[in-house]
$ cat final-v3.txt   # compact mmCIF, C-alpha atoms
# COMPACT_ATOMS: atom_id res chain seq x y z
CA MET A 564 111.39 86.04 107.83
CA LYS A 565 113.64 88.64 109.48
CA ILE A 566 116.74 87.61 107.55
CA PHE A 567 114.81 87.47 104.27
CA LEU A 568 113.36 90.99 104.63
CA ILE A 569 116.68 92.57 105.60
CA SER A 570 118.30 90.74 102.69
CA LEU A 571 115.78 92.20 100.26
CA ILE A 572 116.34 95.70 101.59
CA LEU A 573 120.10 95.41 101.10
CA LEU A 574 119.98 93.95 97.59
CA PRO A 575 120.52 96.10 94.52
CA SER A 576 117.38 97.37 92.91
CA ILE A 577 116.49 97.85 89.30
CA VAL A 578 117.36 101.45 88.45
CA PHE A 579 114.50 103.67 87.34
CA ALA A 580 114.01 104.75 83.75
CA ALA A 581 115.25 108.18 82.70
CA ASP A 582 111.69 109.47 82.14
CA LYS A 583 110.66 108.88 85.81
CA ASN A 584 111.57 111.06 88.78
CA HIS A 585 111.16 108.26 91.36
CA TYR A 586 112.41 104.73 92.01
CA TYR A 587 109.18 102.89 92.84
CA SER A 588 107.60 100.86 90.07
CA PHE A 589 104.16 100.37 91.63
CA ASN A 590 101.79 102.68 93.48
CA LYS A 591 98.32 102.02 94.85
CA GLY A 592 97.01 104.50 97.40
CA PHE A 593 99.59 104.69 100.19
CA GLU A 594 101.52 101.61 99.01
CA TYR A 595 104.69 101.81 96.92
CA GLY A 596 106.41 98.79 95.37
CA TYR A 597 110.12 98.49 94.64
CA GLU A 598 111.68 95.93 92.33
CA VAL A 599 114.44 93.80 93.75
CA GLU A 600 117.03 92.38 91.38
CA GLY A 601 116.61 88.61 91.06
CA SER A 602 113.11 88.55 92.56
CA ASN A 603 109.66 88.34 90.99
CA GLU A 604 108.03 90.06 93.96
CA LEU A 605 107.87 93.74 94.80
CA LEU A 606 108.98 95.00 98.19
CA VAL A 607 106.00 97.11 99.27
CA ILE A 608 106.25 100.01 101.72
CA LYS A 609 104.10 102.74 103.24
CA TYR A 610 105.61 106.15 103.88
CA LEU A 611 105.05 107.28 107.48
CA GLY A 612 106.46 110.77 107.05
CA LYS A 613 109.19 113.10 108.28
CA LYS A 614 109.87 114.13 111.88
CA ASN A 615 113.00 115.69 113.43
CA ASN A 616 114.82 115.45 110.07
CA LEU A 617 114.19 111.70 109.89
CA TYR A 618 112.12 109.87 107.27
CA GLN A 619 110.25 106.63 107.99
CA VAL A 620 108.80 103.88 105.83
CA MET A 621 107.11 100.67 106.93
CA THR A 622 107.13 97.20 105.40
CA THR A 623 105.10 94.24 106.54
CA ASP A 624 105.35 90.52 105.91
CA GLY A 625 101.56 90.19 105.59
CA ASN A 626 101.31 88.38 108.91
CA SER A 627 102.40 89.87 112.21
CA GLU A 628 105.83 91.35 111.51
CA ASN A 629 106.41 95.02 110.66
CA THR A 630 109.73 96.62 109.86
CA ILE A 631 110.23 100.36 110.24
CA LEU A 632 113.10 101.89 108.28
CA GLU A 633 114.33 105.30 109.40
CA CYS A 634 116.93 107.54 107.80
CA SER A 635 118.06 111.17 107.66
CA ARG A 636 118.15 113.14 104.40
CA ASP A 637 121.72 112.11 103.51
CA CYS A 638 120.92 108.51 104.50
CA LYS A 639 124.41 107.21 105.18
CA TYR A 640 123.04 104.91 107.89
CA LEU A 641 119.60 103.37 108.16
CA THR A 642 117.97 102.24 111.40
CA SER A 643 115.69 99.24 111.13
CA TYR A 644 113.15 98.53 113.90
CA LYS A 645 111.41 95.15 113.95
CA TYR A 646 108.02 94.63 115.57
CA TRP A 647 106.30 91.31 116.12
CA LYS A 648 102.56 91.46 116.85
CA LYS A 649 102.89 95.23 117.48
CA LYS A 650 105.61 94.73 120.12
CA TYR A 651 109.21 95.88 119.76
CA ASP A 652 111.48 92.98 118.81
CA SER A 653 114.88 94.27 117.64
CA GLU A 654 116.84 97.08 116.06
CA SER A 655 119.78 97.26 113.66
CA ILE A 656 121.79 99.97 111.97
CA LEU A 657 122.78 99.40 108.36
CA ILE A 658 125.32 101.17 106.17
CA MET A 659 123.55 102.52 103.12
CA LYS A 660 124.87 102.50 99.57
CA PRO A 661 123.35 104.00 96.41
CA ASN A 662 120.99 101.72 94.49
CA MET A 663 120.20 99.50 97.47
CA VAL A 664 116.45 99.09 97.66
CA ALA A 665 116.27 100.84 101.06
CA TRP A 666 118.39 103.72 99.75
CA GLN A 667 115.99 104.17 96.82
CA MET A 668 112.99 104.15 99.17
CA MET A 669 114.56 106.89 101.26
CA GLN A 670 115.47 108.92 98.17
CA ASP A 671 111.82 108.84 97.11
CA ALA A 672 110.71 109.77 100.64
CA SER A 673 113.13 112.68 101.04
CA SER A 674 112.43 114.09 97.57
CA GLY A 675 108.66 114.28 98.15
CA GLN A 676 107.72 111.43 95.79
CA LEU A 677 105.70 109.46 98.36
CA LYS A 678 102.32 110.30 99.86
CA GLN A 679 102.25 110.08 103.66
CA LEU A 680 100.06 107.37 105.18
CA THR A 681 96.97 108.76 106.88
CA GLU A 682 94.12 106.92 108.59
CA ASN A 683 90.97 108.55 109.93
CA GLY A 684 92.58 112.00 109.85
CA ALA A 685 95.76 110.94 111.65
CA THR A 686 99.37 110.13 110.74
CA LEU A 687 101.51 107.36 112.19
CA TRP A 688 105.06 107.64 113.54
CA ILE A 689 107.06 104.90 115.24
CA ASN A 690 109.20 105.97 118.19
CA GLY A 691 111.76 103.17 118.20
CA ARG A 692 111.27 100.95 121.22
CA ASP A 693 108.31 103.03 122.44
CA GLY A 694 106.11 102.02 119.51
CA ALA A 695 103.38 103.79 117.56
CA GLU A 696 102.23 107.37 117.93
CA TRP A 697 99.18 108.60 116.02
CA SER A 698 98.95 112.38 115.47
CA ASP A 699 95.80 114.24 114.48
CA ILE A 700 96.42 116.03 111.16
CA LYS A 701 94.23 118.99 112.19
CA LYS A 702 96.41 119.66 115.25
CA LYS A 703 99.51 119.90 113.03
CA GLN A 704 98.02 122.64 110.84
$ encode --input "final-v3.txt" --output "structure tokens"
Amino acid sequence: MKIFLISLILLPSIVFAADKNHYYSFNKGFEYGYEVEGSNELLVIKYLGKKNNLYQVMTTDGNSENTILECSRDCKYLTSYKYWKKKYDSESILIMKPNMVAWQMMQDASSGQLKQLTENGATLWINGRDGAEWSDIKKKQ
């Protein structure tokens, strides 16, 4: 599954229509779907937010694997953290190019097109190898 997910992220995406100001083609609540060229399935993400000039999105395989993608505003390089059953598994750094699916996700994130995931009044951030950190929204205000 790891190779398949990374492959999807690196593939070219279908470019958005001129009348849209975002790249995603599907939205339901906190989930955003991106079309991958040559695939009938959407790559679905959740936007985790911005912290220390980094943006994070999360994908899941529907089982026990989560992938966290993290990038700065210019997004020349993307860090990918893999978690298996909520435990850190691996990390890779990818060179980003325009119109890659991951690049489009990060463009939407950094331009304010995605709604940040919240659960029970808290936001989620993944600290690399250290794992998840939930922050109370009220404390941030």
$ residues_around --input "final-v3.txt" --residues "Met668 in chain A" --least-positions-apart "2" --cutoff "10 Å" --atoms "all atoms listed in the file" --output "list in words"
Ile572, His585, Tyr586, Tyr587, Tyr595, Gly596, Tyr597, Val607, Ile608, Lys609, Tyr610, Tyr618, Gln619, Val620, Leu632, Asn662, Met663, Val664, Ala665, Trp666, Gln670, Asp671, Ala672, Ser673, Gln676 and Leu677 of chain A
$ atom_distance --input "final-v3.txt" --atom1 "CA of Cys634 in chain A" --atom2 "CA of Ala685 in chain A"
21.8 Å
$ closest_residue --input "final-v3.txt" --among "A:Ser674, A:Ser698, A:Asn690, A:Thr623" --to "Asn584 in chain A" --atoms "all atoms listed in the file"
A:Ser674
$ atom_distance --input "final-v3.txt" --atom1 "CA of Asp652 in chain A" --atom2 "CA of Leu611 in chain A"
19.3 Å
$ residues_around --input "final-v3.txt" --residues "Ile656 in chain A" --least-positions-apart "6" --cutoff "7 Å" --atoms "all atoms listed in the file" --output "list in words"
Tyr640, Leu641, Thr642 and Ser643 of chain A
$ write_last_selection --input "final-v3.txt" --atoms "C-alpha atoms" --output "mmCIF file, in the coordinates of the input"
data_model
loop_
_atom_site.group_PDB
_atom_site.id
_atom_site.type_symbol
_atom_site.label_atom_id
_atom_site.label_comp_id
_atom_site.auth_asym_id
_atom_site.auth_seq_id
_atom_site.Cartn_x
_atom_site.Cartn_y
_atom_site.Cartn_z
ATOM 1 C CA TYR A 640 123.040 104.910 107.890
ATOM 2 C CA LEU A 641 119.600 103.370 108.160
ATOM 3 C CA THR A 642 117.970 102.240 111.400
ATOM 4 C CA SER A 643 115.690 99.240 111.130
#
